[in-house]
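Engineer: One file: target_34.txt (compact mmCIF, C-alpha atoms).
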```txt
# COMPACT_ATOMS: atom_id res chain seq x y z
CA MET A 1 -12.44 11.30 22.85
CA ASP A 2 -9.89 8.71 21.75
CA TRP A 3 -12.71 6.37 20.88
CA VAL A 4 -14.47 9.01 18.80
CA VAL A 5 -11.28 9.63 16.80
CA PHE A 6 -10.71 5.91 16.38
CA VAL A 7 -14.26 5.15 15.25
CA VAL A 8 -14.36 8.04 12.78
CA ALA A 9 -10.97 7.09 11.30
CA ALA A 10 -11.91 3.40 11.20
CA VAL A 11 -15.17 4.11 9.37
CA ALA A 12 -13.28 6.30 6.88
CA MET A 13 -10.67 3.58 6.34
CA LEU A 14 -13.21 0.80 5.82
CA THR A 15 -15.37 2.95 3.54
CA GLY A 16 -12.30 3.84 1.48
CA ALA A 17 -11.04 0.26 1.32
CA LEU A 18 -14.43 -1.07 0.20
CA GLY A 19 -14.70 1.82 -2.25
CA VAL A 20 -11.36 0.96 -3.86
CA VAL A 21 -12.49 -2.61 -4.46
CA LEU A 22 -16.11 -1.92 -5.45
CA ALA A 23 -15.84 1.29 -7.50
CA THR A 24 -16.34 0.72 -11.21
CA HIS A 25 -14.34 3.79 -12.20
CA PRO A 26 -10.53 3.79 -11.65
CA VAL A 27 -10.57 7.49 -10.70
CA HIS A 28 -13.15 6.78 -7.99
CA SER A 29 -10.95 3.96 -6.73
CA ALA A 30 -7.99 6.36 -6.47
CA LEU A 31 -10.09 8.93 -4.56
CA MET A 32 -11.35 6.23 -2.20
CA LEU A 33 -7.72 5.24 -1.64
CA VAL A 34 -7.05 8.81 -0.45
CA LEU A 35 -9.83 8.41 2.13
CA THR A 36 -8.18 5.27 3.50
CA LEU A 37 -4.76 6.94 3.57
CA PHE A 38 -6.16 9.87 5.57
CA GLY A 39 -7.74 7.44 8.02
CA VAL A 40 -4.39 5.70 8.49
CA ALA A 41 -2.69 9.08 9.03
CA VAL A 42 -5.25 10.01 11.71
CA LEU A 43 -4.59 6.71 13.50
CA PHE A 44 -0.85 7.37 13.26
CA VAL A 45 -1.36 10.70 15.06
CA ALA A 46 -3.55 8.98 17.64
CA GLN A 47 -0.61 6.65 18.39
CA GLN A 48 2.02 9.40 18.70
CA ALA A 49 3.64 8.68 15.31
CA HIS A 50 3.49 12.32 14.23
CA PHE A 51 6.32 12.27 11.72
CA LEU A 52 4.96 9.19 9.96
CA ALA A 53 1.52 10.79 9.75
CA ALA A 54 3.00 13.79 7.97
CA VAL A 55 5.00 11.56 5.63
CA GLN A 56 1.90 9.46 5.01
CA ILE A 57 -0.01 12.52 3.79
CA ILE A 58 2.87 13.98 1.79
CA VAL A 59 4.18 10.81 0.14
CA TYR A 60 1.06 8.66 -0.19
CA ALA A 61 -1.80 11.08 -0.65
CA GLY A 62 0.38 13.75 -2.21
CA ALA A 63 2.68 11.81 -4.51
CA ILE A 64 1.56 8.23 -5.04
CA VAL A 65 -2.14 8.89 -5.59
CA VAL A 66 -1.31 11.82 -7.88
CA LEU A 67 0.96 9.45 -9.82
CA PHE A 68 -1.94 6.99 -10.09
CA LEU A 69 -4.25 9.73 -11.35
CA PHE A 70 -1.62 10.89 -13.84
CA VAL A 71 -1.27 7.38 -15.25
CA ILE A 72 -5.07 6.94 -15.44
CA MET A 73 -5.31 10.25 -17.28
CA LEU A 74 -2.30 9.54 -19.49
CA LEU A 75 -3.55 6.13 -20.60
CA GLY A 76 -7.14 7.25 -21.04
CA VAL A 77 -8.61 4.34 -19.12
CA ASP A 78 -10.95 6.63 -17.18
CA ARG A 79 -14.12 4.85 -18.10
CA SER A 80 -16.32 2.61 -16.02
CA GLU A 81 -16.04 -1.13 -16.33
CA ASN A 82 -18.82 -3.62 -15.94
CA LEU A 83 -18.30 -5.41 -12.65
CA SER A 84 -21.40 -7.61 -12.89
CA ARG A 85 -19.73 -9.84 -15.46
CA GLU A 86 -17.38 -12.43 -13.94
CA PRO A 87 -14.62 -13.28 -16.45
CA LEU A 88 -13.54 -16.44 -14.69
CA PRO A 89 -16.43 -18.50 -13.30
CA GLY A 90 -16.26 -18.99 -9.55
CA GLN A 91 -13.32 -16.64 -9.11
CA ARG A 92 -15.11 -14.25 -6.74
CA THR A 93 -16.41 -17.06 -4.57
CA VAL A 94 -12.93 -18.53 -4.26
CA ALA A 95 -11.41 -15.09 -3.59
CA LEU A 96 -13.99 -14.34 -0.87
CA LEU A 97 -13.35 -17.72 0.72
CA ALA A 98 -9.60 -17.04 0.62
CA GLY A 99 -10.20 -13.63 2.21
CA VAL A 100 -12.27 -15.13 5.01
CA GLY A 101 -9.54 -17.73 5.48
CA VAL A 102 -6.84 -15.04 5.71
CA LEU A 103 -8.87 -13.04 8.23
CA ALA A 104 -9.62 -16.13 10.32
CA GLY A 105 -5.95 -17.10 10.20
CA ILE A 106 -4.81 -13.67 11.39
CA PHE A 107 -7.29 -13.61 14.27
CA LEU A 108 -6.45 -17.20 15.20
CA LEU A 109 -2.74 -16.35 15.29
CA ALA A 110 -3.48 -13.26 17.37
CA ARG A 111 -5.39 -15.44 19.84
CA THR A 112 -2.84 -18.24 20.17
CA ALA A 113 0.54 -16.56 19.71
CA TRP A 114 1.67 -13.41 21.45
CA VAL A 115 4.82 -11.33 21.43
CA SER A 116 7.47 -12.13 23.99
CA GLY A 117 7.55 -8.56 25.29
CA ALA A 118 11.33 -8.39 24.91
CA HIS A 119 12.57 -4.98 23.83
CA SER A 120 14.51 -4.49 20.65
CA VAL A 121 17.66 -2.44 20.42
CA ALA A 122 15.96 0.46 18.63
CA GLY A 123 15.05 2.45 21.74
CA ALA A 124 11.88 3.51 23.51
CA ALA A 125 9.04 5.29 21.77
CA SER A 126 7.85 7.18 24.86
CA GLY A 127 9.71 9.40 27.30
CA GLU A 128 11.61 12.64 26.83
CA GLY A 129 11.91 14.33 23.46
CA SER A 130 9.66 14.50 20.42
CA ASN A 131 8.69 11.60 18.21
CA ILE A 132 10.70 12.90 15.26
CA GLU A 133 13.82 13.24 17.44
CA LYS A 134 13.66 9.63 18.61
CA LEU A 135 12.89 8.34 15.12
CA ALA A 136 15.81 10.30 13.65
CA ARG A 137 18.19 9.14 16.40
CA SER A 138 17.35 5.52 15.67
CA LEU A 139 17.38 5.98 11.90
CA PHE A 140 20.73 7.76 11.70
CA THR A 141 22.62 5.56 14.14
CA ARG A 142 21.48 1.97 14.23
CA TYR A 143 19.69 1.85 10.88
CA LEU A 144 22.12 4.09 8.99
CA LEU A 145 23.22 1.33 6.58
CA ALA A 146 19.62 0.46 5.73
CA PHE A 147 18.87 4.16 5.29
CA GLU A 148 21.75 4.59 2.84
CA THR A 149 20.67 1.44 0.99
CA THR A 150 17.22 2.94 0.38
CA SER A 151 18.90 5.79 -1.50
CA VAL A 152 20.46 3.20 -3.84
CA LEU A 153 17.03 1.60 -4.21
CA LEU A 154 15.48 4.94 -5.17
CA VAL A 155 18.17 5.58 -7.77
CA ILE A 156 17.56 2.12 -9.25
CA ALA A 157 13.80 2.79 -9.31
CA VAL A 158 14.28 6.12 -11.12
CA ILE A 159 16.61 4.56 -13.72
CA GLY A 160 14.23 1.64 -14.16
CA ALA A 161 11.24 3.93 -14.67
CA VAL A 162 13.12 6.00 -17.26
CA VAL A 163 14.30 2.92 -19.17
CA LEU A 164 10.84 1.33 -19.11
CA ALA A 165 8.91 4.42 -20.12
CA ARG A 166 11.10 5.91 -22.87
CA HIS A 167 10.70 5.32 -26.57
CA SER A 168 13.61 3.70 -28.38
CA PRO A 169 14.94 5.43 -31.52
CA SER A 170 13.54 2.68 -33.76
CA GLY A 171 10.03 3.60 -32.69
CA GLY A 172 9.41 0.55 -30.53
CA VAL A 173 9.14 0.49 -26.78
CA ARG A 174 12.25 -0.61 -24.96
CA GLY A 175 11.97 -3.04 -22.11
CA SER A 176 8.37 -4.03 -22.77
CA GLY A 177 9.40 -7.52 -23.83
CA ASP A 178 7.24 -7.34 -26.93
CA GLU A 179 10.04 -6.90 -29.46
CA VAL A 180 10.22 -10.64 -29.97
CA THR A 181 6.74 -10.80 -31.39
CA GLN A 182 7.25 -8.00 -33.88
CA MET B 1 -9.18 6.56 28.08
CA SER B 2 -7.00 5.19 25.35
CA VAL B 3 -8.13 2.75 22.69
CA PRO B 4 -6.60 -0.73 23.22
CA GLY B 5 -4.08 -1.82 20.60
CA ALA B 6 -6.15 -4.90 19.75
CA TRP B 7 -8.76 -2.68 18.07
CA TYR B 8 -6.13 -1.15 15.82
CA LEU B 9 -4.78 -4.60 14.95
CA GLY B 10 -8.27 -5.90 14.15
CA LEU B 11 -8.97 -2.89 11.92
CA ALA B 12 -5.65 -3.39 10.13
CA ALA B 13 -6.43 -7.09 9.59
CA ILE B 14 -9.82 -6.24 8.06
CA VAL B 15 -8.34 -3.63 5.72
CA PHE B 16 -5.58 -6.08 4.73
CA THR B 17 -8.22 -8.70 3.88
CA ILE B 18 -10.27 -6.24 1.83
CA GLY B 19 -7.11 -5.39 -0.13
CA ALA B 20 -6.28 -9.06 -0.67
CA VAL B 21 -9.80 -9.90 -1.89
CA GLY B 22 -9.74 -6.87 -4.20
CA LEU B 23 -6.39 -7.97 -5.61
CA LEU B 24 -7.84 -11.40 -6.37
CA THR B 25 -11.14 -10.24 -7.86
CA ARG B 26 -10.44 -7.05 -9.82
CA ARG B 27 -9.15 -7.31 -13.41
CA ASN B 28 -7.99 -3.73 -13.91
CA VAL B 29 -4.22 -3.63 -13.27
CA LEU B 30 -4.37 -0.10 -11.84
CA VAL B 31 -7.04 -1.06 -9.31
CA MET B 32 -5.06 -4.20 -8.43
CA PHE B 33 -2.10 -1.92 -7.74
CA MET B 34 -4.23 0.25 -5.45
CA CYS B 35 -5.26 -2.87 -3.55
CA VAL B 36 -1.57 -3.64 -2.96
CA GLU B 37 -1.24 -0.14 -1.48
CA LEU B 38 -4.19 -0.88 0.80
CA MET B 39 -2.44 -4.00 2.09
CA LEU B 40 0.82 -2.10 2.65
CA ASN B 41 -1.04 0.55 4.64
CA ALA B 42 -2.76 -2.03 6.80
CA VAL B 43 0.63 -3.55 7.66
CA ASN B 44 2.03 -0.07 8.40
CA LEU B 45 -0.80 0.51 10.86
CA THR B 46 0.05 -2.80 12.54
CA PHE B 47 3.70 -1.78 12.90
CA VAL B 48 2.83 1.59 14.44
CA THR B 49 0.38 -0.08 16.81
CA PHE B 50 3.04 -2.51 17.99
CA ALA B 51 5.52 0.37 18.34
CA ARG B 52 3.08 1.97 20.78
CA MET B 53 2.12 -1.23 22.62
CA LEU B 54 5.71 -2.39 23.13
CA ASP B 55 7.11 1.13 23.58
CA ASP B 56 9.65 0.56 20.84
CA ILE B 57 10.60 3.08 18.14
CA GLY B 58 11.79 0.24 15.86
CA GLY B 59 8.25 -0.29 14.55
CA GLN B 60 8.11 3.28 13.30
CA VAL B 61 11.52 2.94 11.64
CA VAL B 62 10.23 -0.10 9.74
CA VAL B 63 7.20 1.90 8.56
CA PHE B 64 9.57 4.59 7.29
CA PHE B 65 11.39 2.02 5.17
CA VAL B 66 8.13 0.50 3.94
CA LEU B 67 7.07 3.95 2.74
CA VAL B 68 10.29 4.34 0.75
CA VAL B 69 10.00 0.88 -0.80
CA ALA B 70 6.31 1.46 -1.61
CA ALA B 71 7.17 4.69 -3.43
CA ALA B 72 9.86 2.93 -5.49
CA GLU B 73 7.50 0.05 -6.20
CA VAL B 74 4.76 2.36 -7.46
CA VAL B 75 7.17 4.21 -9.74
CA VAL B 76 8.47 1.02 -11.38
CA GLY B 77 5.06 -0.65 -11.47
CA LEU B 78 3.36 2.29 -13.15
CA ALA B 79 6.21 2.52 -15.67
CA ILE B 80 5.64 -1.13 -16.54
CA ILE B 81 1.89 -0.51 -16.87
CA VAL B 82 2.52 2.49 -19.15
CA SER B 83 4.84 0.46 -21.39
CA ILE B 84 2.27 -2.36 -21.57
CA PHE B 85 -0.47 0.11 -22.49
CA ARG B 86 1.64 1.41 -25.39
CA ARG B 87 1.14 -1.99 -27.04
CA ARG B 88 -2.43 -2.81 -26.16
CA THR B 89 -5.37 -0.69 -25.15
CA SER B 90 -7.14 -2.88 -22.65
CA ALA B 91 -6.74 -2.50 -18.91
CA THR B 92 -7.34 -6.05 -17.77
CA ALA B 93 -4.79 -8.45 -16.36
CA ASP B 94 -6.26 -11.32 -18.44
CA ASP B 95 -4.85 -9.89 -21.65
CA ILE B 96 -1.26 -9.76 -20.42
CA SER B 97 -0.52 -13.40 -21.11
CA LEU B 98 2.55 -13.22 -23.35
CA LEU B 99 4.67 -15.22 -20.89
CA LYS B 100 2.05 -17.96 -20.56
CA GLY B 101 3.61 -21.37 -21.21
```
Transcribe the structure of this file into structure tokens.
Structural biologist:
Amino acid sequence: MDWVVFVVAAVAMLTGALGVVLATHPVHSALMLVLTLFGVAVLFVAQQAHFLAAVQIIVYAGAIVVLFLFVIMLLGVDRSENLSREPLPGQRTVALLAGVGVLAGIFLLARTAWVSGAHSVAGAASGEGSNIEKLARSLFTRYLLAFETTSVLLVIAVIGAVVLARHSPSGGVRGSGDEVTQ
Amino acid sequence: MSVPGAWYLGLAAIVFTIGAVGLLTRRNVLVMFMCVELMLNAVNLTFVTFARMLDDIGGQVVVFFVLVVAAAEVVVGLAIIVSIFRRRTSATADDISLLKG
């Protein structure tokens, strides 16, 4: 049963990942991304990370992909592009070689190096209590400072997005860096 | 019978590589951004797998923070893309060469 879930989720993830890269239409890429995100969420559930699976669906599939689709719609770039033309000669060959190199490097590292097995201070993932309880206990005690810092990060991101996206009174775009050329 | 963690790690490595190759080959900035999300998700899967294999909740805490940072990154990145698109109509990374020396 575990294997069936794993294989189905893995096929969905790989199909989605290849679809993101190979789709000619940006909207299709975004929808394929959703497929991959659902596969990841299923594998989270299969590994007892229930809270993260819920957050994965809500934040990634619910918010981030919708934001992508909004931007695609807003900018009107929802038309197919010709992928058969290679703008930079030899780029795809080099990129594929680099990808094979990265994959070989990861598997080589996994073969030669292994974790020490020493436990961190965060606490055990199994045992009594639900997953969300253990995650919250770790997050709000040991990682409280990091948790509070993420709130500052989110505020900075919101302010940055507003400053970047708003029109200045003179009609130009603030923060785009193009004022110099005008 | 539970699936060994090595299978999850191998799957995550493959998805990470697909994302990296897509980032290097695609010219559309939005699709490049989606490829970055693919790579982040592959790493998240690795963290959760290690959290299960080592029986350590710390891996899941890291994934939580990665999710927050990814959300912030997407917001700022898409704002930059929108402000670039106000100036020019093309969607390819080749045309954004104002800072080229």
Engineer: Env of B:Val29: 9 Å cut, atoms = all atoms listed in the file, seq-sep filter 5 positions within chain, self excluded. Answer as JSON, numbers by chain.
Structural biologist: {"B": [34, 81, 91, 92, 93]}
Engineer: I need the contact residues of chain A against chain B, so if you could list those with any atom within 6 Å, counting only C-alpha atoms, and return them as number ranges by chain, that would help.
Structural biologist: A: 2, 21, 92, 95, 99, 122-125, 154, 157, 161, 164-165, 176
Engineer: Please compute the atom CA of A:Val42-atom CA of A:Ile106 distance, one decimal, in Å.
Structural biologist: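 Taking atom CA of A:Val42 as the start and atom CA of A:Ile106 as the end point, the length is 23.7 Å.
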Engineer: With all atoms of stretch 25-40 of chain B from the file as input, state the centre and edge lengths in Å to one decimal of the axis-aligned box that has 5 Å extra on each side, as lines of an AutoDock Vina configuration file.
Structural biologist:
```
center_x = -5.2
center_y = -5.0
center_z = -5.6
size_x = 22.0
size_y = 20.5
size_z = 26.6
```
Engineer: Got a sec: who's within 7 Å of stretch 65-70 of chain A, counting only C-alpha atoms, leaving out chain neighbours fewer than 4 positions off, as a ChimeraX atom specification?
Structural biologist: /A:27,30,60-61,74
Engineer: For the atom pair atom CA of A:Ser126 and atom CA of A:Leu144, what is the interatomic distance in Å to one decimal place?
Structural biologist: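 Interatomic distance, atom CA of A:Ser126 to atom CA of A:Leu144: 21.6 Å.
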Engineer: Just give me the gap between atom CA of A:Phe6 and atom CA of A:Leu43 in Å, one decimal is fine.
Structural biologist: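 It comes out at 6.8 Å.
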